[in-house]
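J.: Here's a structure for you.
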Amino acid sequence: MVVVISGATKGVGRALTLALAREGYDLAISSRNQQDLDQLKVEIQKNYAVEILLFAGDLSDADQALTFSNKIIDTYKHVDILINNIGKYENDAITDENADLESMMKTNLFAAYFLSKTISVNMCKGGKGHIFNVCSVLSFSTRPAAATYTISKHALKGFNDVLREEMREYGIKVTAIYPGSINTSSWEGIYAPKDLFVQPDDIVKVVKTCLSISKNANIEEIVIKPLDKNY
């Protein structure tokens with residue numbers, strides 16, 4: 001069994017990588033930082049007998065995303081799980097001079113789109129697979145102070161929904177995860193009550209639950225928020 005995880009060295013991606021390695025999955029993982037990938041590989045191989053394919057690159061670049069996906073297929077032949085996890089957040093308004101919608105869309109939408117293209121075709125040929133898209137509660141609502149992020153996460157939801165219906169005909173499951181505030185490294189340097197947030201292990205448990213149900217059932221959407229409504 002093979003799982004592909006983008007943004008695998010920090011936060012939710014790291015938690016998922018370690019948890020699925022523990023379950024015996026072979027891994028194809030990406031990060032922009034080669035050193036972080038190498039350190040994670042050493043940690044995994046110390047504890048688990050799984051194969052690991054590393055890719056250091058920027059998946060917001062379509063060519064790099066396609067290069068990664070082709071390397072995965074060349075190495076493993078069939079992919080069982082794809083977790084589109086990478087993303088970034090900015091505080092901005094549409095009227096801000098420096099608001100960069102193009103960059104936000106490349107990271108939060110295009111990375112998932114291009115990584116999914118080759119891998120979804122591979123899954124269809126095998127007649128099985130599961131794709132997870134880590135979206136946001138802002139896929140449903142708006143935050144004017146995070147304009148480009150909100151737009152990009154709405155777009156990611158649209159991509160997820162179209163992909164889900166297309167893949168349904170081939171027996172491939174697609175699940176969108178819509179988290180609220182999560183305790184990840186993105187909060188470093190900022191005062192925040194992170195113990196009140198959703199924890200990375202909560203996302204791990206959600207993913208494992210989705211993978212545990214019968215092959216003819218699919219959990220299509222999961223909204224997971226902090227219990228405290230202020231966060």
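In the structure tokens, each chain is lettered A, B, ... as it comes, each chain's residues begin at 1, and ligands are numbered from 1 in order of appearance.
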Need the shell around region 87-93 of chain A: protein/DNA/RNA residues with any atom at most 12 Å away, counting only C-alpha atoms. Skip same-chain ones fewer than 5 positions apart. Format as number ranges by chain?
T.: A: 6-8, 10-13, 31, 58-60, 98-101, 103-112, 133-136, 138, 142-153, 156, 181, 184-187
J.: Please run DSSP on the backbone and report, as an mmCIF file with N, CA, C and O atoms, in the first residue's frame, all residues within region 92-121 of chain A that come out as helix (DSSP H, G or I).
T.:
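part.cif, written as the output of this step:
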data_model
loop_
_atom_site.group_PDB
_atom_site.id
_atom_site.type_symbol
_atom_site.label_atom_id
_atom_site.label_comp_id
_atom_site.auth_asym_id
_atom_site.auth_seq_id
_atom_site.Cartn_x
_atom_site.Cartn_y
_atom_site.Cartn_z
ATOM 1 N N LEU A 101 -2.967 37.078 -5.352
ATOM 2 C CA LEU A 101 -3.912 35.984 -5.588
ATOM 3 C C LEU A 101 -3.278 34.877 -6.412
ATOM 4 O O LEU A 101 -3.525 33.693 -6.158
ATOM 5 N N GLU A 102 -2.472 35.230 -7.374
ATOM 6 C CA GLU A 102 -1.865 34.211 -8.234
ATOM 7 C C GLU A 102 -1.014 33.235 -7.431
ATOM 8 O O GLU A 102 -1.127 32.011 -7.587
ATOM 9 N N SER A 103 -0.170 33.766 -6.538
ATOM 10 C CA SER A 103 0.667 32.902 -5.715
ATOM 11 C C SER A 103 -0.181 32.032 -4.790
ATOM 12 O O SER A 103 0.099 30.834 -4.606
ATOM 13 N N MET A 104 -1.224 32.620 -4.217
ATOM 14 C CA MET A 104 -2.092 31.869 -3.308
ATOM 15 C C MET A 104 -2.811 30.742 -4.049
ATOM 16 O O MET A 104 -2.925 29.615 -3.544
ATOM 17 N N MET A 105 -3.290 31.016 -5.245
ATOM 18 C CA MET A 105 -3.979 29.992 -6.022
ATOM 19 C C MET A 105 -3.028 28.868 -6.429
ATOM 20 O O MET A 105 -3.401 27.690 -6.421
ATOM 21 N N LYS A 106 -1.804 29.213 -6.754
ATOM 22 C CA LYS A 106 -0.837 28.186 -7.145
ATOM 23 C C LYS A 106 -0.570 27.218 -5.995
ATOM 24 O O LYS A 106 -0.471 26.005 -6.213
ATOM 25 N N THR A 107 -0.449 27.758 -4.791
ATOM 26 C CA THR A 107 -0.159 26.903 -3.642
ATOM 27 C C THR A 107 -1.389 26.133 -3.179
ATOM 28 O O THR A 107 -1.337 24.915 -2.966
ATOM 29 N N ASN A 108 -2.502 26.832 -3.016
ATOM 30 C CA ASN A 108 -3.680 26.231 -2.380
ATOM 31 C C ASN A 108 -4.598 25.483 -3.336
ATOM 32 O O ASN A 108 -5.408 24.677 -2.884
ATOM 33 N N LEU A 109 -4.468 25.724 -4.632
ATOM 34 C CA LEU A 109 -5.310 25.020 -5.606
ATOM 35 C C LEU A 109 -4.494 24.242 -6.625
ATOM 36 O O LEU A 109 -4.669 23.036 -6.777
ATOM 37 N N PHE A 110 -3.588 24.915 -7.325
ATOM 38 C CA PHE A 110 -2.911 24.280 -8.450
ATOM 39 C C PHE A 110 -2.047 23.100 -8.015
ATOM 40 O O PHE A 110 -1.928 22.119 -8.753
ATOM 41 N N ALA A 111 -1.434 23.178 -6.827
ATOM 42 C CA ALA A 111 -0.628 22.049 -6.353
ATOM 43 C C ALA A 111 -1.478 20.789 -6.256
ATOM 44 O O ALA A 111 -1.069 19.711 -6.714
ATOM 45 N N ALA A 112 -2.659 20.907 -5.673
ATOM 46 C CA ALA A 112 -3.563 19.756 -5.566
ATOM 47 C C ALA A 112 -4.048 19.310 -6.939
ATOM 48 O O ALA A 112 -4.122 18.107 -7.230
ATOM 49 N N TYR A 113 -4.364 20.275 -7.790
ATOM 50 C CA TYR A 113 -4.881 19.961 -9.124
ATOM 51 C C TYR A 113 -3.864 19.163 -9.940
ATOM 52 O O TYR A 113 -4.176 18.089 -10.469
ATOM 53 N N PHE A 114 -2.630 19.656 -10.015
ATOM 54 C CA PHE A 114 -1.643 18.999 -10.875
ATOM 55 C C PHE A 114 -1.117 17.709 -10.251
ATOM 56 O O PHE A 114 -0.832 16.750 -10.971
ATOM 57 N N LEU A 115 -1.001 17.647 -8.944
ATOM 58 C CA LEU A 115 -0.564 16.402 -8.318
ATOM 59 C C LEU A 115 -1.625 15.319 -8.485
ATOM 60 O O LEU A 115 -1.307 14.134 -8.656
ATOM 61 N N SER A 116 -2.881 15.725 -8.478
ATOM 62 C CA SER A 116 -3.985 14.761 -8.584
ATOM 63 C C SER A 116 -4.163 14.220 -9.998
ATOM 64 O O SER A 116 -4.686 13.106 -10.166
ATOM 65 N N LYS A 117 -3.759 14.983 -11.013
ATOM 66 C CA LYS A 117 -4.057 14.580 -12.393
ATOM 67 C C LYS A 117 -3.479 13.202 -12.726
ATOM 68 O O LYS A 117 -4.203 12.280 -13.098
ATOM 69 N N THR A 118 -2.175 13.061 -12.594
ATOM 70 C CA THR A 118 -1.538 11.793 -12.935
ATOM 71 C C THR A 118 -1.944 10.687 -11.973
ATOM 72 O O THR A 118 -2.205 9.549 -12.377
ATOM 73 N N ILE A 119 -2.009 11.025 -10.696
ATOM 74 C CA ILE A 119 -2.296 10.009 -9.685
ATOM 75 C C ILE A 119 -3.731 9.508 -9.789
ATOM 76 O O ILE A 119 -4.003 8.312 -9.620
ATOM 77 N N SER A 120 -4.679 10.388 -10.098
ATOM 78 C CA SER A 120 -6.065 9.933 -10.236
ATOM 79 C C SER A 120 -6.217 8.997 -11.438
ATOM 80 O O SER A 120 -6.967 8.014 -11.371
ATOM 81 N N VAL A 121 -5.504 9.277 -12.517
ATOM 82 C CA VAL A 121 -5.528 8.368 -13.676
ATOM 83 C C VAL A 121 -4.985 7.004 -13.272
ATOM 84 O O VAL A 121 -5.538 5.954 -13.629
#
J.: Can you list every residue in region 16-190 of chain A that DSSP puts in strand (DSSP E), as a compact mmCIF listing (two decimals) with all heavy atoms, in the first residue's frame?
T.:
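File part-v8.txt, as written:
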# COMPACT_ATOMS: atom_id res chain seq x y z
N ASP A 26 3.99 2.27 2.43
CA ASP A 26 5.13 2.89 1.77
C ASP A 26 4.76 4.34 1.45
O ASP A 26 3.59 4.66 1.20
CB ASP A 26 5.48 2.15 0.48
CG ASP A 26 6.03 0.75 0.77
OD1 ASP A 26 6.73 0.58 1.79
OD2 ASP A 26 5.77 -0.17 -0.03
N LEU A 27 5.77 5.21 1.40
CA LEU A 27 5.52 6.65 1.37
C LEU A 27 6.14 7.33 0.16
O LEU A 27 7.24 6.99 -0.27
CB LEU A 27 6.12 7.30 2.63
CG LEU A 27 5.66 6.77 3.99
CD1 LEU A 27 6.59 7.28 5.08
CD2 LEU A 27 4.23 7.20 4.27
N ALA A 28 5.43 8.32 -0.35
CA ALA A 28 5.99 9.31 -1.28
C ALA A 28 5.65 10.66 -0.68
O ALA A 28 4.48 11.03 -0.59
CB ALA A 28 5.40 9.16 -2.67
N ILE A 29 6.66 11.38 -0.21
CA ILE A 29 6.41 12.60 0.55
C ILE A 29 7.19 13.77 -0.03
O ILE A 29 8.28 13.61 -0.57
CB ILE A 29 6.75 12.42 2.05
CG1 ILE A 29 8.20 11.98 2.24
CG2 ILE A 29 5.80 11.41 2.68
CD1 ILE A 29 8.63 11.86 3.70
N SER A 30 6.61 14.96 0.13
CA SER A 30 7.24 16.15 -0.42
C SER A 30 7.34 17.26 0.61
O SER A 30 6.57 17.32 1.57
CB SER A 30 6.45 16.67 -1.63
OG SER A 30 5.27 17.34 -1.20
N SER A 31 8.31 18.11 0.36
CA SER A 31 8.51 19.34 1.13
C SER A 31 9.41 20.23 0.30
O SER A 31 10.09 19.76 -0.62
CB SER A 31 9.16 19.05 2.49
OG SER A 31 9.58 20.25 3.12
N ILE A 52 10.48 4.71 1.16
CA ILE A 52 10.20 6.14 1.19
C ILE A 52 10.79 6.81 -0.05
O ILE A 52 11.99 6.70 -0.31
CB ILE A 52 10.80 6.80 2.45
CG1 ILE A 52 10.37 6.07 3.72
CG2 ILE A 52 10.39 8.28 2.52
CD1 ILE A 52 11.09 6.55 4.97
N LEU A 53 9.95 7.50 -0.79
CA LEU A 53 10.38 8.35 -1.90
C LEU A 53 10.27 9.80 -1.46
O LEU A 53 9.21 10.24 -1.02
CB LEU A 53 9.51 8.10 -3.14
CG LEU A 53 9.72 9.05 -4.32
CD1 LEU A 53 11.11 8.86 -4.93
CD2 LEU A 53 8.64 8.86 -5.38
N LEU A 54 11.37 10.54 -1.58
CA LEU A 54 11.39 11.94 -1.19
C LEU A 54 11.37 12.83 -2.43
O LEU A 54 11.98 12.51 -3.45
CB LEU A 54 12.65 12.26 -0.38
CG LEU A 54 12.95 11.42 0.86
CD1 LEU A 54 14.24 11.91 1.52
CD2 LEU A 54 11.79 11.48 1.84
N PHE A 55 10.70 13.97 -2.29
CA PHE A 55 10.73 14.98 -3.36
C PHE A 55 10.83 16.35 -2.73
O PHE A 55 9.89 16.81 -2.05
CB PHE A 55 9.49 14.90 -4.25
CG PHE A 55 9.53 15.87 -5.40
CD1 PHE A 55 10.23 15.56 -6.56
CD2 PHE A 55 8.88 17.10 -5.32
CE1 PHE A 55 10.28 16.46 -7.62
CE2 PHE A 55 8.92 18.00 -6.38
CZ PHE A 55 9.62 17.69 -7.53
N ALA A 56 11.96 17.01 -2.94
CA ALA A 56 12.14 18.38 -2.46
C ALA A 56 11.84 19.33 -3.60
O ALA A 56 12.55 19.35 -4.62
CB ALA A 56 13.56 18.58 -1.95
N ILE A 81 -3.41 5.98 -1.73
CA ILE A 81 -3.93 7.17 -1.04
C ILE A 81 -3.12 8.39 -1.46
O ILE A 81 -1.89 8.34 -1.52
CB ILE A 81 -3.83 7.02 0.49
CG1 ILE A 81 -4.55 5.76 0.97
CG2 ILE A 81 -4.39 8.25 1.20
CD1 ILE A 81 -4.19 5.38 2.39
N LEU A 82 -3.81 9.48 -1.74
CA LEU A 82 -3.18 10.78 -1.99
C LEU A 82 -3.76 11.78 -0.99
O LEU A 82 -4.99 11.91 -0.90
CB LEU A 82 -3.44 11.26 -3.41
CG LEU A 82 -3.14 12.73 -3.72
CD1 LEU A 82 -1.67 13.06 -3.50
CD2 LEU A 82 -3.58 13.08 -5.14
N ILE A 83 -2.90 12.46 -0.26
CA ILE A 83 -3.35 13.50 0.67
C ILE A 83 -2.77 14.83 0.22
O ILE A 83 -1.56 15.08 0.36
CB ILE A 83 -2.93 13.17 2.12
CG1 ILE A 83 -3.48 11.80 2.53
CG2 ILE A 83 -3.46 14.26 3.06
CD1 ILE A 83 -3.05 11.35 3.91
N ASN A 84 -3.62 15.68 -0.36
CA ASN A 84 -3.21 17.02 -0.78
C ASN A 84 -3.28 17.94 0.44
O ASN A 84 -4.36 18.39 0.84
CB ASN A 84 -4.14 17.52 -1.89
CG ASN A 84 -3.88 16.83 -3.21
OD1 ASN A 84 -2.75 16.73 -3.65
ND2 ASN A 84 -4.94 16.33 -3.85
N HIS A 130 -8.03 6.46 -2.75
CA HIS A 130 -8.70 7.45 -1.92
C HIS A 130 -7.88 8.73 -1.96
O HIS A 130 -6.68 8.72 -1.70
CB HIS A 130 -8.82 6.95 -0.48
CG HIS A 130 -9.90 7.62 0.30
ND1 HIS A 130 -10.69 6.96 1.22
CD2 HIS A 130 -10.35 8.91 0.31
CE1 HIS A 130 -11.56 7.80 1.75
NE2 HIS A 130 -11.37 9.01 1.22
N ILE A 131 -8.53 9.84 -2.31
CA ILE A 131 -7.89 11.15 -2.36
C ILE A 131 -8.49 12.03 -1.28
O ILE A 131 -9.72 12.15 -1.18
CB ILE A 131 -8.07 11.81 -3.74
CG1 ILE A 131 -7.43 10.94 -4.82
CG2 ILE A 131 -7.45 13.22 -3.75
CD1 ILE A 131 -7.72 11.42 -6.25
N PHE A 132 -7.63 12.63 -0.47
CA PHE A 132 -8.05 13.59 0.56
C PHE A 132 -7.56 14.98 0.18
O PHE A 132 -6.39 15.15 -0.17
CB PHE A 132 -7.45 13.22 1.92
CG PHE A 132 -7.97 11.94 2.51
CD1 PHE A 132 -7.37 10.73 2.19
CD2 PHE A 132 -9.03 11.94 3.40
CE1 PHE A 132 -7.84 9.54 2.73
CE2 PHE A 132 -9.50 10.76 3.95
CZ PHE A 132 -8.90 9.56 3.62
N ASN A 133 -8.45 15.96 0.26
CA ASN A 133 -8.07 17.36 0.04
C ASN A 133 -8.28 18.12 1.34
O ASN A 133 -9.41 18.19 1.86
CB ASN A 133 -8.90 17.97 -1.08
CG ASN A 133 -8.59 17.36 -2.43
OD1 ASN A 133 -7.44 17.35 -2.86
ND2 ASN A 133 -9.59 16.81 -3.10
N VAL A 134 -7.18 18.67 1.89
CA VAL A 134 -7.28 19.44 3.12
C VAL A 134 -7.66 20.88 2.75
O VAL A 134 -6.84 21.64 2.25
CB VAL A 134 -5.97 19.41 3.91
CG1 VAL A 134 -6.11 20.22 5.20
CG2 VAL A 134 -5.58 17.96 4.24
N LYS A 173 -12.54 7.00 -4.07
CA LYS A 173 -13.13 7.87 -3.06
C LYS A 173 -12.40 9.21 -3.00
O LYS A 173 -11.18 9.27 -3.14
CB LYS A 173 -13.06 7.20 -1.68
CG LYS A 173 -13.79 5.86 -1.59
CD LYS A 173 -13.70 5.30 -0.17
CE LYS A 173 -14.38 3.95 -0.06
NZ LYS A 173 -14.40 3.44 1.33
N VAL A 174 -13.16 10.27 -2.78
CA VAL A 174 -12.58 11.60 -2.59
C VAL A 174 -13.24 12.22 -1.36
O VAL A 174 -14.47 12.28 -1.26
CB VAL A 174 -12.80 12.50 -3.82
CG1 VAL A 174 -12.24 13.91 -3.57
CG2 VAL A 174 -12.14 11.90 -5.06
N THR A 175 -12.40 12.68 -0.44
CA THR A 175 -12.89 13.25 0.82
C THR A 175 -12.28 14.64 1.03
O THR A 175 -11.07 14.81 0.89
CB THR A 175 -12.50 12.35 2.01
OG1 THR A 175 -13.12 11.07 1.86
CG2 THR A 175 -12.95 12.97 3.33
N ALA A 176 -13.12 15.60 1.38
CA ALA A 176 -12.66 16.93 1.74
C ALA A 176 -12.67 17.08 3.25
O ALA A 176 -13.65 16.74 3.91
CB ALA A 176 -13.55 17.99 1.11
N ILE A 177 -11.57 17.58 3.79
CA ILE A 177 -11.48 17.88 5.22
C ILE A 177 -11.47 19.39 5.39
O ILE A 177 -10.63 20.08 4.78
CB ILE A 177 -10.22 17.25 5.84
CG1 ILE A 177 -10.23 15.73 5.62
CG2 ILE A 177 -10.14 17.57 7.33
CD1 ILE A 177 -8.96 15.04 6.07
N TYR A 178 -12.39 19.90 6.20
CA TYR A 178 -12.54 21.34 6.40
C TYR A 178 -12.20 21.68 7.86
O TYR A 178 -13.09 21.74 8.71
CB TYR A 178 -13.96 21.78 6.06
CG TYR A 178 -14.37 21.52 4.64
CD1 TYR A 178 -15.12 20.39 4.30
CD2 TYR A 178 -14.00 22.38 3.62
CE1 TYR A 178 -15.50 20.14 2.99
CE2 TYR A 178 -14.36 22.15 2.30
CZ TYR A 178 -15.11 21.02 2.00
OH TYR A 178 -15.48 20.79 0.70
N PRO A 179 -10.93 21.93 8.17
CA PRO A 179 -10.58 22.24 9.55
C PRO A 179 -10.68 23.73 9.87
O PRO A 179 -10.50 24.58 9.00
CB PRO A 179 -9.12 21.76 9.64
CG PRO A 179 -8.61 21.80 8.25
CD PRO A 179 -9.77 21.74 7.31
J.: Expressed in Å to a single decimal, how great is the separation between CA of Asn122 (chain A) and CA of Ile73 (chain A)?
T.: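 Computed distance, CA of Asn122 (chain A) to CA of Ile73 (chain A), equals 7.7 Å.
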J.: In terms of the shortest atom-to-atom distance over only C-alpha atoms, which of A:Gly129, A:Pro226, A:Gly24, A:Gly57 is closest to Gly171 (chain A)?
T.: A:Gly129
J.: Compare A:Met123, A:Glu220, A:Lys215, A:Thr209 by their minimum atom-to-atom distance to Asn160 (chain A), counting only C-alpha atoms, and give me the closest one.
T.: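 Residue with the minimum atom-to-atom distance to Asn160 (chain A): A:Glu220.
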